[in-house]
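A.B. asks: Before we start, here is the structure in question, set down as structure tokens.
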Amino acid sequence: MNKVFFSGFLLIFLCCAQEAQARPLRAFVSILPQKFFVEKIGGDLVDVAVMVEPGANPHTYEPKPKQMVALAKTSVYFAIGVPFETVWLAKIAGTNPNMLVVHTEAGIPKIPMKVHHHEGSPPEHGHAGIKDPHVWLSPPLVMILAGNILEALLRLDPTHGSVYEKNHTSFMKELLGLDKEIRAALRGKGKNVEFVVFHPAWGYFAQTYGLEQVPVEIEGKEPKPAELQYLIQYARERGIKVVFVQPQFSSLAAQAIAKSIGGQIVFVDPLAADWATNLRQVALKFKAALK
Ligand code: ZN
């Protein structure tokens with residue numbers, strides 16, 4: 001009886017030890033689109049948690065105590081350089097010295113965050129100071145993110161290296177296809193066609209596909225009445241009929257502009273979970289808006 005009990009116990013022990021080995025690698029990312037990227041390469045071998053919860057703003061996010069606790073069981077944190085990381089990444093890293101912190105945006109040449117004009121002056125192209133963090137909205141730049149993700153997974157879990165390599169290769173093919181598709185959709189729109197957007201998240205997208213974004217927001221704030229007036233004038237002169245906004249920000253200014261130019265508000269989400277489908281839809285919305 002004792003023997004049977006003992007061998008049964010041993011069996012359970014062996015089975016669990018094996019299961020522990022097959023357990024997915026725990027990863028954390030800053031924003032939802034990164035979950036899409038990491039899952040493309042990690043597949044079932046990686047379990048991905050997202051820091052900035054759906055609907056929240058990655059510029060000002062504050063991690064929940066529950067999330068800080070969950071970091072203790074995490075093997076890797078994939079950062080991407082969104083503004084909340086400036087304040088929080090050191091604290092995040094400090095919660096777990098065994099956790100690898102990967103800067104997936106490493107190697108991407110950052111462009112300055114687009115800030116718009118002041119009263120009466122023409123739009124500024126670039127501004128000293130803040131670098132644009134929205135690198136995940138351009139497929140060629142996502143290839144760089146993907147390379148950094150692959151490198152980290154190979155380092156953390158070399159046993160499954162060939163799986164990660166294979167997944168990475170097919171993801172790169174997918175990205176190339178998507179890039180081609182967007183290029184084809186926006187072809188013939190002319191060079192540097194302007195679009196008005198509340199929060200300037202589409203700088204790299206615009207750069208990649210030959211468009212020019214005109215932000216409504218000025219250094220993270222709603223524009224003052226004079227600036228708003230200038231924007232309305234600007235849009236009217238150029239026959240712009242659409243003001244793009246994103247679901248994470250409500251904007252009275254964007255609504256006011258759309259109303260004044262007899263145009264409409266169109267939602268484009270920079271933080272959608274299904275990154276590829278969303279970007280395809282965004283391209284079609286830009287295509288429809290840019291005459
Ligand atoms: Zn943003």
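Ordering of the structure tokens sets the chain letters (A, B, ...); residue numbers start at 1 within each chain; ligands are numbered from 1 in the order shown.
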Go through the chains and note each residue within 8 Å of ligand 1, using only C-alpha atoms and all ligand atoms, then give the set as a ChimeraX atom specification.

C.D. replies: /A:57-59,82,133-134,199-201,270

A.B. asks: Keeping N, CA, C and O atoms for every residue in the selection just given, could you write it to a file as a short mmCIF file (atom, residue, chain, number, x, y, z; two decimals), in the first residue's frame?

C.D. replies:
```cif
data_model
loop_
_atom_site.label_atom_id
_atom_site.label_comp_id
_atom_site.auth_asym_id
_atom_site.auth_seq_id
_atom_site.Cartn_x
_atom_site.Cartn_y
_atom_site.Cartn_z
N ASN A 57 -3.90 55.45 -22.06
CA ASN A 57 -3.00 56.30 -22.83
C ASN A 57 -1.53 56.01 -22.48
O ASN A 57 -1.12 56.23 -21.35
N PRO A 58 -0.75 55.52 -23.46
CA PRO A 58 0.64 55.16 -23.18
C PRO A 58 1.55 56.35 -22.88
O PRO A 58 2.70 56.17 -22.48
N HIS A 59 1.03 57.55 -23.06
CA HIS A 59 1.84 58.73 -22.75
C HIS A 59 1.86 58.99 -21.25
O HIS A 59 2.82 59.54 -20.72
N VAL A 82 7.69 54.06 -25.37
CA VAL A 82 6.54 54.97 -25.21
C VAL A 82 6.76 55.80 -23.93
O VAL A 82 7.44 55.35 -23.01
N PRO A 133 7.57 58.65 -30.50
CA PRO A 133 7.67 57.26 -30.03
C PRO A 133 6.88 56.24 -30.86
O PRO A 133 7.02 55.04 -30.64
N HIS A 134 6.06 56.69 -31.82
CA HIS A 134 5.08 55.80 -32.46
C HIS A 134 5.67 54.93 -33.58
O HIS A 134 5.11 54.85 -34.68
N HIS A 199 -4.04 63.63 -32.41
CA HIS A 199 -2.78 63.26 -31.75
C HIS A 199 -1.83 62.73 -32.83
O HIS A 199 -2.17 61.77 -33.52
N PRO A 200 -0.66 63.34 -32.98
CA PRO A 200 0.22 62.97 -34.12
C PRO A 200 0.94 61.64 -33.94
O PRO A 200 2.15 61.59 -33.76
N ALA A 201 0.18 60.55 -34.04
CA ALA A 201 0.74 59.21 -33.86
C ALA A 201 1.25 58.61 -35.18
O ALA A 201 1.88 57.56 -35.18
N PRO A 270 -4.17 53.82 -33.15
CA PRO A 270 -2.76 53.40 -33.21
C PRO A 270 -2.46 52.23 -32.28
O PRO A 270 -1.36 51.69 -32.31
#
```

A.B. asks: Could you pull out all residues of stretch 142-228 of chain A with a DSSP call of strand (DSSP E or B) and give them as a PDB file with N, CA and C atoms, in the first residue's frame?

C.D. replies:
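Contents of the output file result01.pdb:
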```
ATOM      1  N   VAL A 193       0.967  64.426 -49.328  1.00  0.00           N
ATOM      2  CA  VAL A 193      -0.430  64.817 -49.154  1.00  0.00           C
ATOM      3  C   VAL A 193      -0.693  64.958 -47.661  1.00  0.00           C
ATOM      4  N   GLU A 194      -1.337  66.039 -47.286  1.00  0.00           N
ATOM      5  CA  GLU A 194      -1.515  66.313 -45.862  1.00  0.00           C
ATOM      6  C   GLU A 194      -2.822  65.738 -45.319  1.00  0.00           C
ATOM      7  N   PHE A 195      -2.758  65.259 -44.095  1.00  0.00           N
ATOM      8  CA  PHE A 195      -3.975  64.860 -43.386  1.00  0.00           C
ATOM      9  C   PHE A 195      -3.915  65.463 -41.991  1.00  0.00           C
ATOM     10  N   VAL A 196      -5.089  65.823 -41.473  1.00  0.00           N
ATOM     11  CA  VAL A 196      -5.173  66.451 -40.156  1.00  0.00           C
ATOM     12  C   VAL A 196      -5.525  65.378 -39.122  1.00  0.00           C
ATOM     13  N   VAL A 197      -4.756  65.331 -38.053  1.00  0.00           N
ATOM     14  CA  VAL A 197      -4.982  64.312 -37.026  1.00  0.00           C
ATOM     15  C   VAL A 197      -4.830  64.958 -35.650  1.00  0.00           C
ATOM     16  N   LEU A 211       3.210  60.581 -46.938  1.00  0.00           N
ATOM     17  CA  LEU A 211       2.147  61.507 -46.530  1.00  0.00           C
ATOM     18  C   LEU A 211       2.715  62.506 -45.524  1.00  0.00           C
ATOM     19  N   GLU A 212       1.895  63.483 -45.162  1.00  0.00           N
ATOM     20  CA  GLU A 212       2.334  64.514 -44.226  1.00  0.00           C
ATOM     21  C   GLU A 212       1.231  64.727 -43.202  1.00  0.00           C
ATOM     22  N   GLN A 213       1.547  64.511 -41.914  1.00  0.00           N
ATOM     23  CA  GLN A 213       0.486  64.704 -40.920  1.00  0.00           C
ATOM     24  C   GLN A 213       0.517  66.125 -40.357  1.00  0.00           C
ATOM     25  N   VAL A 214      -0.676  66.672 -40.174  1.00  0.00           N
ATOM     26  CA  VAL A 214      -0.837  67.998 -39.591  1.00  0.00           C
ATOM     27  C   VAL A 214      -1.545  67.803 -38.243  1.00  0.00           C
ATOM     28  N   PRO A 215      -0.805  67.913 -37.136  1.00  0.00           N
ATOM     29  CA  PRO A 215      -1.427  67.648 -35.836  1.00  0.00           C
ATOM     30  C   PRO A 215      -2.297  68.802 -35.325  1.00  0.00           C
ATOM     31  N   ILE A 218      -1.171  70.375 -29.634  1.00  0.00           N
ATOM     32  CA  ILE A 218       0.092  71.106 -29.557  1.00  0.00           C
ATOM     33  C   ILE A 218       0.799  70.724 -28.265  1.00  0.00           C
ATOM     34  N   LYS A 221      -1.389  69.148 -25.775  1.00  0.00           N
ATOM     35  CA  LYS A 221      -2.549  69.892 -25.287  1.00  0.00           C
ATOM     36  C   LYS A 221      -3.481  70.288 -26.420  1.00  0.00           C
TER      37      LYS A 221
END
```

A.B. asks: Among stretch 117-226 of chain A, which residues carry a DSSP assignment of alpha helix (DSSP H), reported as a PyMOL selection string?

C.D. replies: chain A and resi 139-156+161-186+203-209+225-226

A.B. asks: Separation of atom CA of A:Val38 and atom CA of A:Phe84, in Å?

C.D. replies: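 A separation of 20.1 Å between them.
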
A.B. asks: Using only C-alpha atoms, which residues sit within 12 Å of A:Ser251 once same-chain residues fewer than 5 positions away are excluded, as a ChimeraX atom specification?

C.D. replies: /A:197-199,216-217,220-223,243-246,256-258,265,267

A.B. asks: Looking at only C-alpha atoms, which of A:Lys73, A:His168, A:Lys191, A:Lys259 is the one that sits closest to A:Thr95?

C.D. replies: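 So, comparing all the options, the nearest one is A:Lys73.
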
A.B. asks: Between A:Leu154, A:Val29, A:Ala56, A:Ile149, single out the one closest to A:Tyr77, counting only C-alpha atoms.

C.D. replies: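 Nearest to A:Tyr77: A:Val29.
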
A.B. asks: Which residue is closest to A:Ala79? Choose from A:Ile130, A:Ile111, A:Ala254, A:Leu145 and count only C-alpha atoms.

C.D. replies: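 That would be A:Leu145, the residue with the smallest distance to A:Ala79.
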
A.B. asks: Skip A:Leu45 itself and residues of its chain fewer than 5 positions away, then list as number ranges by chain all residues within 9 Å of it, counting only C-alpha atoms.

C.D. replies: A: 22-26, 39, 160

A.B. asks: Would you pick out the contacts of A:Ile31 at 8 Å or less, using only C-alpha atoms, so that residues sharing its chain but fewer than 3 positions from it are not included, and give the list as an NGL selection string?

C.D. replies: :A and (34-35 or 50-53 or 58 or 271)

A.B. asks: Please, could you write that set of residues out with N, CA and C atoms as a compact mmCIF listing (two decimals), in the first residue's frame?

C.D. replies:
```txt
# COMPACT_ATOMS: atom_id res chain seq x y z
N GLN A 34 2.41 45.38 -29.54
CA GLN A 34 3.59 44.56 -29.26
C GLN A 34 3.22 43.12 -28.93
N LYS A 35 2.05 42.94 -28.31
CA LYS A 35 1.58 41.58 -28.01
C LYS A 35 1.42 40.81 -29.33
N VAL A 50 0.07 42.65 -21.17
CA VAL A 50 0.23 44.01 -21.68
C VAL A 50 0.12 45.02 -20.53
N MET A 51 1.06 45.94 -20.48
CA MET A 51 1.07 46.92 -19.40
C MET A 51 -0.01 47.99 -19.59
N VAL A 52 0.00 48.69 -20.71
CA VAL A 52 -1.00 49.75 -20.93
C VAL A 52 -2.32 49.09 -21.33
N GLU A 53 -3.27 49.14 -20.42
CA GLU A 53 -4.53 48.42 -20.63
C GLU A 53 -5.32 49.04 -21.78
N PRO A 58 -0.75 55.52 -23.46
CA PRO A 58 0.64 55.16 -23.18
C PRO A 58 1.55 56.35 -22.88
N LEU A 271 -3.42 51.83 -31.44
CA LEU A 271 -3.13 50.85 -30.39
C LEU A 271 -3.97 49.57 -30.50
```

A.B. asks: For a test of reading the model, state the distance in Å between atom CA of A:Asn167 and atom CA of A:Lys40, rounded to one decimal.

C.D. replies: 6.5 Å

A.B. asks: Identify which of the residues A:Trp88, A:Ala152, A:Pro54, A:Gly262 lies closest to A:Pro33, counting only C-alpha atoms when measuring atom-to-atom distances.

C.D. replies: A:Pro54

A.B. asks: Which neighbours of stretch 280-286 of chain A fall inside 7 Å, counting only C-alpha atoms, when residues of the same chain fewer than 6 positions from it are skipped, and could you give them as a VMD selection string?

C.D. replies: chain A and resid 182 185 268

A.B. asks: List the spatial neighbours of A:Ser75 as a CSV table (one decimal) with C-alpha atoms, in the first residue's frame - criterion: any atom at most 12 Å away, only C-alpha atoms, same-chain residues fewer than 5 positions off excluded.

C.D. replies:
```csv
chain,number,residue,atom,x,y,z
A,24,PRO,CA,5.3,29.1,-21.8
A,25,LEU,CA,7.8,31.9,-21.3
A,26,ARG,CA,6.2,34.8,-19.5
A,27,ALA,CA,6.6,38.1,-21.2
A,28,PHE,CA,5.4,41.7,-20.6
A,29,VAL,CA,5.0,44.3,-23.3
A,46,VAL,CA,5.3,32.7,-25.0
A,47,ASP,CA,2.5,34.1,-22.7
A,48,VAL,CA,2.2,37.8,-23.2
A,49,ALA,CA,0.8,40.4,-20.7
A,70,ALA,CA,3.0,40.1,-11.8
A,93,ALA,CA,13.2,46.5,-14.1
A,95,THR,CA,11.0,44.7,-9.4
A,96,ASN,CA,12.7,41.6,-10.8
A,97,PRO,CA,16.5,41.5,-11.3
A,98,ASN,CA,16.2,38.2,-13.2
A,99,MET,CA,13.9,39.7,-15.8
A,100,LEU,CA,15.5,40.6,-19.2
A,101,VAL,CA,14.6,44.1,-20.3
A,102,VAL,CA,14.7,44.5,-24.1
A,152,ALA,CA,15.8,38.1,-27.1
A,153,LEU,CA,13.7,34.9,-27.4
A,155,ARG,CA,18.7,34.2,-25.9
A,156,LEU,CA,16.1,33.3,-23.3
A,157,ASP,CA,15.0,30.0,-24.8
```
